[in-house]
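Just run22.pdb here, PDB, C-alpha atoms, pLDDT in the B column:
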```
ATOM      1  CA  ASN A 365       0.000   0.000   0.000  1.00 48.00           C
ATOM      2  CA  THR A 366       2.979   2.303  -0.451  1.00 53.00           C
ATOM      3  CA  GLN A 367       1.725   5.170  -2.625  1.00 55.00           C
ATOM      4  CA  PHE A 368       3.704   6.724  -5.466  1.00 52.00           C
ATOM      5  CA  SER A 369       2.788   9.772  -7.521  1.00 54.00           C
ATOM      6  CA  GLY A 370       4.590  12.022  -9.974  1.00 49.00           C
ATOM      7  CA  ASP A 371       4.952  13.134 -13.550  1.00 49.00           C
ATOM      8  CA  GLY A 372       7.520  10.554 -14.644  1.00 49.00           C
ATOM      9  CA  LYS A 373      10.416  12.794 -13.666  1.00 52.00           C
ATOM     10  CA  THR A 374       9.591  13.316  -9.998  1.00 60.00           C
ATOM     11  CA  VAL A 375       8.318  10.776  -7.510  1.00 77.00           C
ATOM     12  CA  ASN A 376       6.453  11.534  -4.297  1.00 84.00           C
ATOM     13  CA  VAL A 377       6.122   8.656  -1.826  1.00 85.00           C
ATOM     14  CA  ILE A 378       3.512   8.284   0.925  1.00 88.00           C
ATOM     15  CA  LEU A 379       4.023   5.778   3.736  1.00 90.00           C
ATOM     16  CA  ASP A 380       1.604   4.817   6.507  1.00 89.00           C
ATOM     17  CA  ASP A 381       0.709   1.908   8.783  1.00 86.00           C
ATOM     18  CA  ASN A 382      -0.576  -0.075   5.794  1.00 84.00           C
ATOM     19  CA  SER A 383       2.642   0.301   3.823  1.00 82.00           C
ATOM     20  CA  GLU A 384       5.245  -2.430   3.665  1.00 78.00           C
ATOM     21  CA  ILE A 385       8.712  -2.342   2.159  1.00 72.00           C
ATOM     22  CA  TYR A 386      10.589  -5.537   1.448  1.00 60.00           C
ATOM     23  CA  THR A 387      14.356  -5.923   1.362  1.00 56.00           C
ATOM     24  CA  ASP A 388      14.228  -8.349  -1.590  1.00 54.00           C
ATOM     25  CA  GLY A 389      13.625  -5.437  -3.959  1.00 49.00           C
ATOM     26  CA  THR A 390       9.821  -5.761  -4.030  1.00 50.00           C
ATOM     27  CA  ASN A 391       7.965  -2.522  -3.311  1.00 52.00           C
ATOM     28  CA  TYR A 392      11.261  -0.765  -2.688  1.00 56.00           C
ATOM     29  CA  LEU A 393      11.477   3.040  -2.599  1.00 60.00           C
ATOM     30  CA  PRO A 394      12.950   4.700  -5.670  1.00 58.00           C
ATOM     31  CA  THR A 395      14.834   7.961  -5.647  1.00 71.00           C
ATOM     32  CA  ALA A 396      12.111  10.317  -4.446  1.00 81.00           C
ATOM     33  CA  THR A 397      11.464  14.032  -4.601  1.00 87.00           C
ATOM     34  CA  SER A 398       9.598  13.774  -1.305  1.00 90.00           C
ATOM     35  CA  VAL A 399       8.511  11.217   1.267  1.00 91.00           C
ATOM     36  CA  THR A 400       5.430  11.763   3.435  1.00 93.00           C
ATOM     37  CA  TYR A 401       4.970   9.620   6.518  1.00 94.00           C
ATOM     38  CA  ASN A 402       1.431   9.444   7.940  1.00 95.00           C
ATOM     39  CA  ARG A 403       1.193   8.293  11.553  1.00 94.00           C
ATOM     40  CA  GLU A 404      -0.724   9.578  14.542  1.00 93.00           C
ATOM     41  CA  ILE A 405       1.770  10.441  17.270  1.00 91.00           C
ATOM     42  CA  LEU A 406       0.622  12.232  20.420  1.00 89.00           C
ATOM     43  CA  ALA A 407       2.815  14.552  22.460  1.00 88.00           C
ATOM     44  CA  ASP A 408       1.420  13.128  25.700  1.00 81.00           C
ATOM     45  CA  GLY A 409       1.589   9.531  24.497  1.00 72.00           C
ATOM     46  CA  GLY A 410       5.009   8.698  25.917  1.00 76.00           C
ATOM     47  CA  MET A 411       7.751   7.222  23.735  1.00 81.00           C
ATOM     48  CA  TYR A 412       7.270   5.788  20.245  1.00 87.00           C
ATOM     49  CA  SER A 413       9.503   3.372  18.393  1.00 89.00           C
ATOM     50  CA  PHE A 414      10.640   4.682  15.025  1.00 92.00           C
ATOM     51  CA  PHE A 415      12.328   3.137  11.961  1.00 93.00           C
ATOM     52  CA  VAL A 416      12.094   4.717   8.509  1.00 93.00           C
ATOM     53  CA  PRO A 417      13.885   4.183   5.164  1.00 89.00           C
ATOM     54  CA  PHE A 418      14.929   7.821   4.696  1.00 91.00           C
ATOM     55  CA  ASP A 419      17.025  10.406   6.524  1.00 94.00           C
ATOM     56  CA  ILE A 420      15.381  13.245   8.457  1.00 96.00           C
ATOM     57  CA  PRO A 421      17.603  16.353   8.544  1.00 96.00           C
ATOM     58  CA  ALA A 422      18.758  17.494  11.973  1.00 96.00           C
ATOM     59  CA  GLY A 423      16.712  20.697  12.004  1.00 96.00           C
ATOM     60  CA  GLN A 424      13.498  18.953  11.020  1.00 97.00           C
ATOM     61  CA  ALA A 425      14.160  16.114  13.470  1.00 97.00           C
ATOM     62  CA  ALA A 426      14.615  18.594  16.319  1.00 96.00           C
ATOM     63  CA  GLU A 427      11.342  20.282  15.378  1.00 96.00           C
ATOM     64  CA  LEU A 428       9.528  16.934  15.532  1.00 97.00           C
ATOM     65  CA  GLY A 429      10.924  16.028  18.957  1.00 95.00           C
ATOM     66  CA  LYS A 430      13.765  14.051  20.526  1.00 94.00           C
ATOM     67  CA  PHE A 431      15.176  10.858  19.065  1.00 96.00           C
ATOM     68  CA  TYR A 432      17.063   8.395  21.238  1.00 94.00           C
ATOM     69  CA  GLN A 433      19.404   5.581  20.243  1.00 93.00           C
ATOM     70  CA  TYR A 434      20.305   2.538  22.322  1.00 90.00           C
ATOM     71  CA  SER A 435      23.667   2.883  24.071  1.00 89.00           C
ATOM     72  CA  GLY A 436      23.750  -0.090  26.457  1.00 86.00           C
ATOM     73  CA  HIS A 437      22.186  -1.813  29.438  1.00 81.00           C
ATOM     74  CA  ASP A 438      23.165  -2.931  32.923  1.00 76.00           C
ATOM     75  CA  PRO A 439      21.419  -6.212  33.861  1.00 72.00           C
ATOM     76  CA  GLU A 440      22.614  -5.998  37.464  1.00 70.00           C
ATOM     77  CA  GLU A 441      21.151  -2.525  37.972  1.00 71.00           C
ATOM     78  CA  ARG A 442      18.229  -3.311  35.637  1.00 71.00           C
ATOM     79  CA  LYS A 443      18.799  -0.180  33.613  1.00 77.00           C
ATOM     80  CA  VAL A 444      18.693   0.428  29.880  1.00 81.00           C
ATOM     81  CA  TYR A 445      20.377   3.530  28.490  1.00 85.00           C
ATOM     82  CA  PHE A 446      19.525   5.638  25.443  1.00 88.00           C
ATOM     83  CA  ASP A 447      21.361   8.702  24.128  1.00 91.00           C
ATOM     84  CA  ASP A 448      19.731  11.814  22.677  1.00 93.00           C
ATOM     85  CA  ILE A 449      21.121  11.890  19.124  1.00 94.00           C
ATOM     86  CA  ALA A 450      21.256  15.691  19.223  1.00 91.00           C
ATOM     87  CA  GLU A 451      23.822  15.412  22.018  1.00 89.00           C
ATOM     88  CA  VAL A 452      25.974  12.515  20.767  1.00 87.00           C
ATOM     89  CA  SER A 453      25.874  12.975  16.973  1.00 90.00           C
ATOM     90  CA  ASP A 454      24.943  15.465  14.261  1.00 93.00           C
ATOM     91  CA  GLY A 455      21.254  15.091  15.111  1.00 95.00           C
ATOM     92  CA  VAL A 456      20.291  13.546  11.770  1.00 96.00           C
ATOM     93  CA  VAL A 457      17.760  10.708  12.013  1.00 96.00           C
ATOM     94  CA  LYS A 458      19.413   8.079   9.843  1.00 94.00           C
ATOM     95  CA  ALA A 459      17.561   5.859   7.413  1.00 91.00           C
ATOM     96  CA  ASN A 460      17.454   2.181   8.338  1.00 90.00           C
ATOM     97  CA  THR A 461      18.274   2.992  11.979  1.00 93.00           C
ATOM     98  CA  ALA A 462      15.967   2.290  14.923  1.00 94.00           C
ATOM     99  CA  TYR A 463      15.129   4.893  17.562  1.00 94.00           C
ATOM    100  CA  PHE A 464      12.770   5.702  20.380  1.00 90.00           C
ATOM    101  CA  PHE A 465      11.065   9.039  19.819  1.00 89.00           C
ATOM    102  CA  LYS A 466       9.560  11.594  22.215  1.00 89.00           C
ATOM    103  CA  PRO A 467       7.392  13.987  20.133  1.00 92.00           C
ATOM    104  CA  ALA A 468       7.413  17.704  20.831  1.00 94.00           C
ATOM    105  CA  ARG A 469       3.863  18.075  19.525  1.00 94.00           C
ATOM    106  CA  ASP A 470       0.991  16.029  18.169  1.00 95.00           C
ATOM    107  CA  ILE A 471       1.844  14.681  14.721  1.00 96.00           C
ATOM    108  CA  THR A 472      -0.388  13.170  12.076  1.00 96.00           C
ATOM    109  CA  SER A 473       1.947  13.546   9.110  1.00 96.00           C
ATOM    110  CA  PHE A 474       5.268  15.040   8.054  1.00 96.00           C
ATOM    111  CA  THR A 475       7.112  15.344   4.739  1.00 96.00           C
ATOM    112  CA  VAL A 476      10.829  15.253   3.975  1.00 96.00           C
ATOM    113  CA  ASN A 477      11.766  16.898   0.685  1.00 94.00           C
ATOM    114  CA  ASN A 478      14.635  15.578  -1.423  1.00 91.00           C
ATOM    115  CA  PRO A 479      15.225  12.782   1.088  1.00 90.00           C
ATOM    116  CA  SER A 480      18.372  10.731   1.316  1.00 87.00           C
ATOM    117  CA  ILE A 481      17.353   7.108   0.720  1.00 83.00           C
ATOM    118  CA  PRO A 482      19.952   4.308   0.835  1.00 79.00           C
ATOM    119  CA  ARG A 483      20.159   2.013  -2.159  1.00 70.00           C
ATOM    120  CA  THR A 484      20.232  -1.008   0.135  1.00 68.00           C
ATOM    121  CA  LEU A 485      17.847  -1.592   3.018  1.00 69.00           C
ATOM    122  CA  THR A 486      18.722  -4.294   5.515  1.00 67.00           C
ATOM    123  CA  ILE A 487      16.906  -5.550   8.583  1.00 65.00           C
ATOM    124  CA  PRO A 488      17.925  -8.431  10.881  1.00 58.00           C
ATOM    125  CA  ASP A 489      16.112 -11.730  10.980  1.00 60.00           C
ATOM    126  CA  PRO A 490      13.422 -10.890  13.563  1.00 55.00           C
ATOM    127  CA  GLU A 491      13.705 -14.358  15.093  1.00 60.00           C
ATOM    128  CA  TYR A 492      17.437 -14.201  15.711  1.00 63.00           C
ATOM    129  CA  PRO A 493      18.840 -10.759  16.599  1.00 74.00           C
ATOM    130  CA  SER A 494      22.598 -11.095  16.852  1.00 73.00           C
ATOM    131  CA  VAL A 495      23.465  -8.583  19.581  1.00 82.00           C
ATOM    132  CA  PRO A 496      21.583  -6.363  22.052  1.00 85.00           C
ATOM    133  CA  GLY A 497      20.141  -3.264  20.464  1.00 88.00           C
ATOM    134  CA  LEU A 498      17.152  -1.696  18.752  1.00 89.00           C
ATOM    135  CA  TYR A 499      15.782  -3.568  15.732  1.00 90.00           C
ATOM    136  CA  GLY A 500      13.289  -2.157  13.249  1.00 90.00           C
ATOM    137  CA  THR A 501      10.971  -3.533  10.604  1.00 88.00           C
ATOM    138  CA  TYR A 502       9.452  -2.359   7.315  1.00 87.00           C
ATOM    139  CA  SER A 503       6.684  -4.959   7.396  1.00 85.00           C
ATOM    140  CA  GLN A 504       4.414  -6.379  10.085  1.00 86.00           C
ATOM    141  CA  ILE A 505       6.195  -9.085  12.096  1.00 84.00           C
ATOM    142  CA  ASP A 506       5.871 -11.233  15.188  1.00 82.00           C
ATOM    143  CA  ILE A 507       8.546  -9.909  17.505  1.00 79.00           C
ATOM    144  CA  PRO A 508      10.686 -12.345  19.508  1.00 78.00           C
ATOM    145  CA  VAL A 509       9.380 -13.439  22.890  1.00 75.00           C
ATOM    146  CA  GLY A 510      11.273 -11.532  25.550  1.00 75.00           C
ATOM    147  CA  ALA A 511      11.919  -8.440  23.435  1.00 81.00           C
ATOM    148  CA  TYR A 512      11.108  -5.033  24.892  1.00 78.00           C
ATOM    149  CA  GLY A 513       9.158  -2.113  23.474  1.00 70.00           C
ATOM    150  CA  TYR A 514       7.825   1.225  24.589  1.00 65.00           C
ATOM    151  CA  GLY A 515       4.068   1.611  24.862  1.00 55.00           C
ATOM    152  CA  ASN A 516       1.981   4.596  23.880  1.00 48.00           C
ATOM    153  CA  ARG A 517       1.152   5.385  27.513  1.00 49.00           C
ATOM    154  CA  GLY A 518       4.749   6.025  28.477  1.00 47.00           C
ATOM    155  CA  PHE A 519       5.891   2.644  29.754  1.00 54.00           C
ATOM    156  CA  PHE A 520       8.982   0.564  29.126  1.00 58.00           C
ATOM    157  CA  ILE A 521       7.731  -2.950  28.516  1.00 65.00           C
ATOM    158  CA  LYS A 522       8.480  -6.609  27.848  1.00 69.00           C
ATOM    159  CA  ALA A 523       6.656  -8.631  25.199  1.00 70.00           C
ATOM    160  CA  GLY A 524       5.158 -12.066  25.531  1.00 66.00           C
ATOM    161  CA  THR A 525       3.960 -14.332  22.725  1.00 63.00           C
ATOM    162  CA  ASP A 526       1.754 -13.528  19.745  1.00 66.00           C
ATOM    163  CA  ASN A 527       2.661  -9.848  19.604  1.00 74.00           C
ATOM    164  CA  LEU A 528       2.599  -8.105  16.243  1.00 81.00           C
ATOM    165  CA  LEU A 529       4.793  -5.128  15.448  1.00 85.00           C
ATOM    166  CA  ARG A 530       3.597  -2.756  12.734  1.00 88.00           C
ATOM    167  CA  PRO A 531       5.808  -1.417   9.933  1.00 91.00           C
ATOM    168  CA  PHE A 532       8.251   1.432  10.664  1.00 92.00           C
ATOM    169  CA  ARG A 533       8.519   0.548  14.344  1.00 91.00           C
ATOM    170  CA  ALA A 534      11.229  -1.067  16.445  1.00 91.00           C
ATOM    171  CA  TYR A 535      11.767  -3.309  19.439  1.00 88.00           C
ATOM    172  CA  LEU A 536      14.572  -3.606  21.974  1.00 85.00           C
ATOM    173  CA  TRP A 537      16.452  -6.900  22.177  1.00 85.00           C
ATOM    174  CA  LEU A 538      18.704  -7.566  25.188  1.00 80.00           C
ATOM    175  CA  GLY A 539      19.610 -11.196  24.432  1.00 73.00           C
ATOM    176  CA  SER A 540      17.876 -14.545  24.612  1.00 63.00           C
ATOM    177  CA  GLY A 541      18.786 -14.957  28.288  1.00 60.00           C
ATOM    178  CA  ALA A 542      17.764 -11.476  29.359  1.00 56.00           C
ATOM    179  CA  TYR A 543      14.953 -11.205  31.851  1.00 57.00           C
ATOM    180  CA  MET A 544      14.139  -7.981  33.607  1.00 60.00           C
ATOM    181  CA  ALA A 545      10.539  -8.028  34.783  1.00 56.00           C
ATOM    182  CA  LYS A 546      10.945  -4.397  35.737  1.00 56.00           C
ATOM    183  CA  ALA A 547      13.621  -2.142  34.310  1.00 62.00           C
ATOM    184  CA  SER A 548      14.540   1.509  34.363  1.00 69.00           C
ATOM    185  CA  ALA A 549      14.647   3.076  30.904  1.00 74.00           C
ATOM    186  CA  ILE A 550      16.915   6.116  30.904  1.00 78.00           C
ATOM    187  CA  PHE A 551      16.456   8.346  27.861  1.00 80.00           C
ATOM    188  CA  GLY A 552      19.155  10.961  28.305  1.00 78.00           C
ATOM    189  CA  ASP A 553      17.763  12.942  31.246  1.00 63.00           C
ATOM    190  CA  TYR A 554      14.319  11.317  30.908  1.00 54.00           C
ATOM    191  CA  ASP A 555      14.053   8.422  33.396  1.00 51.00           C
ATOM    192  CA  VAL A 556      11.124   5.992  33.507  1.00 51.00           C
ATOM    193  CA  ASP A 557      10.350   2.966  35.665  1.00 46.00           C
ATOM    194  CA  ALA A 558       7.582   0.591  34.585  1.00 41.00           C
ATOM    195  CA  ILE A 559       6.537  -2.584  32.838  1.00 36.00           C
ATOM    196  CA  GLU A 560       3.433  -3.399  30.861  1.00 36.00           C
ATOM    197  CA  LEU A 561       2.352  -4.966  27.603  1.00 31.00           C
ATOM    198  CA  ILE A 562       3.510  -3.269  24.454  1.00 34.00           C
ATOM    199  CA  GLY A 563       1.142  -0.402  23.726  1.00 34.00           C
ATOM    200  CA  ALA A 564      -1.730  -0.455  21.278  1.00 34.00           C
ATOM    201  CA  ASP A 565       0.070   1.929  18.937  1.00 42.00           C
ATOM    202  CA  ASP A 566       2.735  -0.675  18.265  1.00 41.00           C
ATOM    203  CA  LEU A 567       0.962  -3.990  18.632  1.00 38.00           C
ATOM    204  CA  ASP A 568      -2.135  -5.986  17.909  1.00 39.00           C
ATOM    205  CA  LEU A 569      -4.920  -5.221  20.372  1.00 38.00           C
ATOM    206  CA  ASN A 570      -5.524  -8.920  21.149  1.00 51.00           C
ATOM    207  CA  ALA A 571      -2.879  -8.846  23.855  1.00 57.00           C
ATOM    208  CA  PRO A 572      -2.193 -11.550  26.440  1.00 70.00           C
ATOM    209  CA  ILE A 573      -2.522 -11.036  30.211  1.00 74.00           C
ATOM    210  CA  TYR A 574       0.454 -10.654  32.567  1.00 68.00           C
ATOM    211  CA  ASN A 575       0.764 -10.609  36.333  1.00 67.00           C
ATOM    212  CA  LEU A 576       2.657  -7.833  38.111  1.00 60.00           C
ATOM    213  CA  ARG A 577       5.875  -9.875  37.906  1.00 59.00           C
ATOM    214  CA  GLY A 578       5.718  -9.839  34.132  1.00 61.00           C
ATOM    215  CA  LEU A 579       4.702 -13.500  33.769  1.00 68.00           C
ATOM    216  CA  ARG A 580       2.036 -14.404  31.242  1.00 72.00           C
ATOM    217  CA  ILE A 581      -1.210 -15.712  32.766  1.00 76.00           C
ATOM    218  CA  THR A 582      -3.614 -17.977  30.896  1.00 76.00           C
ATOM    219  CA  THR A 583      -6.218 -18.356  33.671  1.00 78.00           C
ATOM    220  CA  PRO A 584      -6.493 -15.091  35.639  1.00 76.00           C
ATOM    221  CA  LYS A 585      -8.083 -15.325  39.071  1.00 77.00           C
ATOM    222  CA  LYS A 586     -11.045 -13.266  40.168  1.00 71.00           C
ATOM    223  CA  GLY A 587     -10.166 -10.194  42.213  1.00 67.00           C
ATOM    224  CA  GLU A 588      -6.462 -10.156  41.327  1.00 73.00           C
ATOM    225  CA  ILE A 589      -4.639  -7.362  39.505  1.00 70.00           C
ATOM    226  CA  TYR A 590      -3.131  -8.017  36.086  1.00 69.00           C
ATOM    227  CA  ILE A 591      -1.672  -6.036  33.188  1.00 66.00           C
ATOM    228  CA  GLN A 592      -3.391  -6.090  29.799  1.00 66.00           C
ATOM    229  CA  ASN A 593      -3.318  -3.651  26.884  1.00 58.00           C
ATOM    230  CA  GLY A 594      -0.991  -1.375  28.811  1.00 53.00           C
ATOM    231  CA  LYS A 595      -3.314  -1.046  31.814  1.00 56.00           C
ATOM    232  CA  LYS A 596      -3.638  -2.528  35.263  1.00 59.00           C
ATOM    233  CA  VAL A 597      -6.914  -4.415  35.376  1.00 63.00           C
ATOM    234  CA  ILE A 598      -8.807  -6.326  38.074  1.00 62.00           C
ATOM    235  CA  LYS A 599     -10.277  -9.630  37.009  1.00 59.00           C
ATOM    236  CA  LYS A 600     -14.002  -9.754  37.781  1.00 54.00           C
TER
END
```
In structure tokens, what does this structure look like?
Amino acid sequence: NTQFSGDGKTVNVILDDNSEIYTDGTNYLPTATSVTYNREILADGGMYSFFVPFDIPAGQAAELGKFYQYSGHDPEERKVYFDDIAEVSDGVVKANTAYFFKPARDITSFTVNNPSIPRTLTIPDPEYPSVPGLYGTYSQIDIPVGAYGYGNRGFFIKAGTDNLLRPFRAYLWLGSGAYMAKASAIFGDYDVDAIELIGADDLDLNAPIYNLRGLRITTPKKGEIYIQNGKKVIKK
């Protein structure tokens, strides 16, 4: 559902949640005069994962908000660290690079003119990430069990099974043996403690149920508190 328009000499590309780009050359972006990305992003919605196939210039990126890249984690302290790209690099949001994003304002769409688009797009096998880090996707995937994401209500979270990740989003992988039921996500000077299911903005709404220790529950008990769809709920 990637949309192309133009007069044969110029190409304008529109991407949204229904678009998919494949790294085998199918439905791949050409050299474009402009790329428009349609996605509802709320300023009070917490952090959003972000992974696009074009560069966003530093000035435009700063106007959109703050972009953070993974810099490391401490399993003993249960902390995960992210750097503000404006402070550790030239501030350009790089194509084919995964970030977490804190918007400065509500966004429904933005356009990059004369975008820089790499000739080769590569993404890791979603089932077997090689090293800890942020991993993005250009098509809808099932993310690995145990991966982490950031929900649309401002929580750092751990995924269970049967979780779908939409195109142009990313997940955090800390290794197959990593288990932090509750972790502190430190985004530059923005520090958050929490755990919940991956938010509805990133995942399928048919989410499983977890207890407060982060363990998936198949038969919740009446009167007990659980986490589902990014919220604490009481089973009735």
Extract, using all atoms listed in the file, all DNA, RNA and protein residues at most 9 Å from Phe415 in chain A, discarding same-chain residues fewer than 3 positions from it, and format them as a compact mmCIF listing (two decimals) with C-alpha atoms, keeping the file's coordinate frame.
```txt
# COMPACT_ATOMS: atom_id res chain seq x y z
CA LYS A 458 19.41 8.08 9.84
CA ALA A 459 17.56 5.86 7.41
CA ASN A 460 17.45 2.18 8.34
CA THR A 461 18.27 2.99 11.98
CA ALA A 462 15.97 2.29 14.92
CA TYR A 463 15.13 4.89 17.56
CA PHE A 464 12.77 5.70 20.38
CA TYR A 499 15.78 -3.57 15.73
CA GLY A 500 13.29 -2.16 13.25
CA THR A 501 10.97 -3.53 10.60
CA TYR A 502 9.45 -2.36 7.32
CA PRO A 531 5.81 -1.42 9.93
CA PHE A 532 8.25 1.43 10.66
CA ARG A 533 8.52 0.55 14.34
CA ALA A 534 11.23 -1.07 16.44
```
message = Once the PyMOL selection byres ((chain A and resi 433) around 7) has been evaluated on this model, what residues remain selected, and can you format them as a ChimeraX atom specification?
response = /A:431-432,434-435,446-449,463-464
Please produce a file of those selected residues containing C-alpha atoms, as a PDB file, in the coordinates of the input.
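Wrote out27.pdb, looks like this:
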```pdb
ATOM      1  CA  PHE A 431      15.176  10.858  19.065  1.00 96.00           C
ATOM      2  CA  TYR A 432      17.063   8.395  21.238  1.00 94.00           C
ATOM      3  CA  TYR A 434      20.305   2.538  22.322  1.00 90.00           C
ATOM      4  CA  SER A 435      23.667   2.883  24.071  1.00 89.00           C
ATOM      5  CA  PHE A 446      19.525   5.638  25.443  1.00 88.00           C
ATOM      6  CA  ASP A 447      21.361   8.702  24.128  1.00 91.00           C
ATOM      7  CA  ASP A 448      19.731  11.814  22.677  1.00 93.00           C
ATOM      8  CA  ILE A 449      21.121  11.890  19.124  1.00 94.00           C
ATOM      9  CA  TYR A 463      15.129   4.893  17.562  1.00 94.00           C
ATOM     10  CA  PHE A 464      12.770   5.702  20.380  1.00 90.00           C
TER      11      PHE A 464
END
```
request  = Would you mind telling me which residue in A:Asn527, A:Val476, A:Glu588, A:Lys466 lies nearest to Gly409 in chain A when using all atoms listed in the file?
outcome  = A:Lys466
Please return the centre and edge lengths, in Å to one decimal, of a box with edges along x, y and z that contains all listed atoms of range 531-539 of chain A, widened by 8 Å on every side, as JSON.
```
{"center_x": 12.7, "center_y": -4.9, "center_z": 17.6, "size_x": 29.8, "size_y": 28.6, "size_z": 31.3}
```
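The two atoms in question, CA of Ala549 in chain A and CA of Ala523 in chain A, are spaced 15.3 Å apart.
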message = I'd like the residues picked by the PyMOL selection byres ((chain A and resi 394-407) around 8) written out as a PyMOL selection string, using the chain letters and numbers from the file.
response = chain A and resi 374-381+392-393+408-410+412+466-479+481
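Straight-line separation from CA of Glu440 in chain A to CA of Ile550 in chain A: 14.9 Å.
Compared by their closest atoms to Val495 in chain A, and using all atoms listed in the file, the residues A:Trp537, A:Phe551, A:Phe414, A:Tyr445 rank with A:Trp537 nearest.
Picture a line from CA of Ser480 in chain A to CA of Val457 in chain A; it runs 10.7 Å.
Residue nearest Tyr535 in chain A within the list A:Asp506, A:Leu498, A:Lys443, A:Ala422: A:Leu498 [criterion: smallest interatomic distance, all atoms listed in the file].
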Take range 453-469 of chain A, bring it up to N, CA and C atoms, and give me the output as an mmCIF file, in the frame of the given file.
```
data_model
loop_
_atom_site.group_PDB
_atom_site.id
_atom_site.type_symbol
_atom_site.label_atom_id
_atom_site.label_comp_id
_atom_site.auth_asym_id
_atom_site.auth_seq_id
_atom_site.Cartn_x
_atom_site.Cartn_y
_atom_site.Cartn_z
ATOM 1 N N SER A 453 25.570 13.054 18.404
ATOM 2 C CA SER A 453 25.874 12.975 16.973
ATOM 3 C C SER A 453 25.445 14.270 16.303
ATOM 4 N N ASP A 454 25.325 14.245 14.987
ATOM 5 C CA ASP A 454 24.943 15.465 14.261
ATOM 6 C C ASP A 454 23.453 15.739 14.296
ATOM 7 N N GLY A 455 22.683 14.865 14.958
ATOM 8 C CA GLY A 455 21.254 15.091 15.111
ATOM 9 C C GLY A 455 20.409 14.629 13.944
ATOM 10 N N VAL A 456 21.039 14.067 12.909
ATOM 11 C CA VAL A 456 20.291 13.546 11.770
ATOM 12 C C VAL A 456 19.682 12.199 12.136
ATOM 13 N N VAL A 457 18.395 12.008 11.863
ATOM 14 C CA VAL A 457 17.760 10.708 12.013
ATOM 15 C C VAL A 457 18.118 9.897 10.765
ATOM 16 N N LYS A 458 18.877 8.839 10.958
ATOM 17 C CA LYS A 458 19.413 8.079 9.843
ATOM 18 C C LYS A 458 18.414 7.052 9.328
ATOM 19 N N ALA A 459 18.368 6.914 8.018
ATOM 20 C CA ALA A 459 17.561 5.859 7.413
ATOM 21 C C ALA A 459 18.042 4.500 7.888
ATOM 22 N N ASN A 460 17.100 3.562 8.003
ATOM 23 C CA ASN A 460 17.454 2.181 8.338
ATOM 24 C C ASN A 460 18.084 2.055 9.727
ATOM 25 N N THR A 461 17.749 2.990 10.615
ATOM 26 C CA THR A 461 18.274 2.992 11.979
ATOM 27 C C THR A 461 17.111 3.127 12.943
ATOM 28 N N ALA A 462 17.094 2.316 13.988
ATOM 29 C CA ALA A 462 15.967 2.290 14.923
ATOM 30 C C ALA A 462 16.186 3.272 16.073
ATOM 31 N N TYR A 463 15.099 3.917 16.472
ATOM 32 C CA TYR A 463 15.129 4.893 17.562
ATOM 33 C C TYR A 463 13.888 4.744 18.437
ATOM 34 N N PHE A 464 13.960 5.339 19.639
ATOM 35 C CA PHE A 464 12.770 5.702 20.380
ATOM 36 C C PHE A 464 12.619 7.212 20.238
ATOM 37 N N PHE A 465 11.367 7.662 20.192
ATOM 38 C CA PHE A 465 11.065 9.039 19.819
ATOM 39 C C PHE A 465 10.082 9.643 20.809
ATOM 40 N N LYS A 466 10.445 10.821 21.343
ATOM 41 C CA LYS A 466 9.560 11.594 22.215
ATOM 42 C C LYS A 466 9.106 12.830 21.446
ATOM 43 N N PRO A 467 7.840 12.862 20.972
ATOM 44 C CA PRO A 467 7.392 13.987 20.133
ATOM 45 C C PRO A 467 7.271 15.286 20.916
ATOM 46 N N ALA A 468 7.563 16.374 20.230
ATOM 47 C CA ALA A 468 7.413 17.704 20.831
ATOM 48 C C ALA A 468 6.000 18.232 20.685
ATOM 49 N N ARG A 469 5.228 17.644 19.788
ATOM 50 C CA ARG A 469 3.863 18.075 19.525
ATOM 51 C C ARG A 469 3.093 16.909 18.935
#
```
